[in-house]
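J.: Before anything else, here's the structure in question.
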Amino acid sequence: MRIVVKVGTSTLTYNTGCLNIRRTEELCKVLSDLKNKGNEIILVSSGAIGMGVGKLSLKERPHDIPTKQAAAAVGQCELMYIYDTLFENYHHTVAQILLTGDDFHHQDRYTNFTNTINRLLELGALPVINENDTVATEEICVGDNDTLSALVAKSVKADLLILLSDIDGLYTCDPKKDENAKLISVVDSITPEIKALGGDAGSSLGTGGMKTKLTAAEICVSSGCDMIILNGAKPELMYSATDGEKVGTKFVAKKV
């Protein structure tokens with residue numbers, strides 16, 4: 001299988017902006033094992049700005065563009081160093097790709113991106129993708145890595161997109177506010193009722209929420225790619241997901 005995995009800031013870091021070492025190590029271990037099994041793995045990773053916040057000792061995630069870009073520039077170095085170190089333990093080579101919205105809308109750049117990532121996979125590398133926050137402005141940014149991962153999955157004709165989040169999946173209502181909330185295990189069609197379940201942004205260091213995950217699901221299923229939302233605190237759930245077991249919330253792709 002060709003699998004795109006998106007991991008969010010809330011999974012990789014503590015609220016302080018510092019790395020959650022145990023969870024990140026487990027993530028890289030599971031992804032390495034899935035790759036050893038014969039799967040092609042592409043990792044879309046948030047966390048650059050969040051790690052930059054910690055590295056620069058900022059009190060909170062910045063709101064202005066220049067400080068966000070500065071934090072991203074610092075944090076991206078740290079992020080890739082960590083991935084390079086952890087995946088090297090399992091004899092896998094990582095490759096960094098930074099994208100903006102323009103890379104999906106300009107044909108030459110889009111072709112260059114898809115050619116590069118396909119060649120990296122042929123060479124056995126594990127691409128790590130993030131939005132190029134150091135140069136992306138409102139006009140050219142994708143906006144969040146849920147959407148970015150879906151666009152990547154569509155572009156590379158992936159079989160499955162896994163979104164690792166701070167929640168077990170899509171619920172009938174907000175489980176943080178209603179103890180009667182029930183997990184929806186399978187979504188065959190993204191109806192207006194399903195869309196209405198989308199919420200606002202999640203953690204203070206991240207940008208995503210259930211609303212962006214539903215947008216990602218629409219992109220994926222319409223292009224023939226299944227999508228699953230899993231709790232990023234349990235990376236081992238990816239074994240069950242790739243084995244076809246019922247975990248998290250699965251959005252079933254339309255036949256194309």
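Note on naming: chains are A, B, ... as they come in the structure tokens, residues start from 1 per chain, ligands start from 1 in the order shown.
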Report as a list in words all protein, DNA and RNA residues lying within 7 Å of range 223-239 of chain A, evaluated on only C-alpha atoms, omitting residues in the same chain fewer than 6 positions from it.
T.: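 Near range 223-239 of chain A, the qualifying residues are Thr11, Arg23, Glu26, Leu27, Val30, Lys154, Ala158, Asp159, Leu160, Leu161, Ile162, Leu163, Leu164, Ser165, Asp166, Ile167, Asp168, Gly169, Ala217, Gly248, Thr249, Lys250, Phe251, Val252, Ala253, Lys254, Lys255 and Val256 of chain A.
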J.: May I have the residues from that selection written out with C-alpha atoms, as a tab-separated table (two decimals), in the first residue's frame?
T.:
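Resulting contents of out_5.tsv:
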chain	number	residue	atom	x	y	z
A	11	THR	CA	0.78	14.56	18.91
A	23	ARG	CA	5.40	9.35	21.48
A	26	GLU	CA	6.95	5.20	18.98
A	27	LEU	CA	5.59	6.93	15.86
A	30	VAL	CA	5.67	1.94	13.87
A	154	LYS	CA	-4.50	12.73	-4.05
A	158	ALA	CA	-2.23	6.96	-2.28
A	159	ASP	CA	-4.36	4.05	-1.12
A	160	LEU	CA	-4.83	5.41	2.39
A	161	LEU	CA	-4.45	8.62	4.36
A	162	ILE	CA	-4.13	8.31	8.13
A	163	LEU	CA	-4.69	11.46	10.18
A	164	LEU	CA	-3.21	11.17	13.66
A	165	SER	CA	-5.09	13.54	15.92
A	166	ASP	CA	-5.72	14.27	19.60
A	167	ILE	CA	-9.09	12.52	19.38
A	168	ASP	CA	-10.17	8.93	18.63
A	169	GLY	CA	-12.17	9.91	15.55
A	217	ALA	CA	-11.84	13.51	3.84
A	248	GLY	CA	-10.93	5.24	14.65
A	249	THR	CA	-13.21	6.67	11.95
A	250	LYS	CA	-12.84	5.45	8.39
A	251	PHE	CA	-14.05	7.52	5.43
A	252	VAL	CA	-14.67	5.14	2.54
A	253	ALA	CA	-13.41	6.22	-0.86
A	254	LYS	CA	-15.64	6.55	-3.87
A	255	LYS	CA	-14.82	4.24	-6.75
A	256	VAL	CA	-13.03	6.21	-9.45
J.: Go through range 42-221 of chain A and collect every residue that DSSP, computed from the backbone, puts in strand (DSSP E or B); the answer should be as a ChimeraX atom specification.
T.: /A:42-45,94-99,126-131,160-165,171,183,186-187,201,209
J.: With C-alpha atoms retained, export the selected residues as a short mmCIF file (atom, residue, chain, number, x, y, z; two decimals), in the first residue's frame.
T.:
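Writing done, so here's selection.cif:
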data_model
loop_
_atom_site.label_atom_id
_atom_site.label_comp_id
_atom_site.auth_asym_id
_atom_site.auth_seq_id
_atom_site.Cartn_x
_atom_site.Cartn_y
_atom_site.Cartn_z
CA ILE A 42 4.90 9.38 3.21
CA LEU A 43 4.85 11.43 6.40
CA VAL A 44 3.18 14.84 6.48
CA SER A 45 4.36 16.40 9.70
CA VAL A 94 14.28 10.50 5.23
CA ALA A 95 13.90 13.28 2.69
CA GLN A 96 12.47 16.74 3.34
CA ILE A 97 9.92 18.35 1.01
CA LEU A 98 8.47 21.78 1.83
CA LEU A 99 5.41 22.87 -0.14
CA LEU A 126 10.73 8.12 3.40
CA PRO A 127 9.55 11.62 2.36
CA VAL A 128 8.70 14.00 5.20
CA ILE A 129 6.47 16.84 4.00
CA ASN A 130 5.46 20.09 5.67
CA GLU A 131 4.09 23.38 4.47
CA LEU A 160 -4.83 5.41 2.39
CA LEU A 161 -4.45 8.62 4.36
CA ILE A 162 -4.13 8.31 8.13
CA LEU A 163 -4.69 11.46 10.18
CA LEU A 164 -3.21 11.17 13.66
CA SER A 165 -5.09 13.54 15.92
CA TYR A 171 -18.09 11.65 17.20
CA LEU A 183 -17.67 7.37 17.97
CA VAL A 186 -17.42 4.32 9.31
CA VAL A 187 -18.55 7.19 7.09
CA ALA A 201 -9.21 24.47 15.88
CA GLY A 209 -9.72 20.71 14.06
#
J.: Would you work out the distance separating CA of Pro175 in chain A from CA of Glu245 in chain A, expressed in Å to one decimal?
T.: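 Value for the CA of Pro175 in chain A-CA of Glu245 in chain A distance: 22.8 Å.
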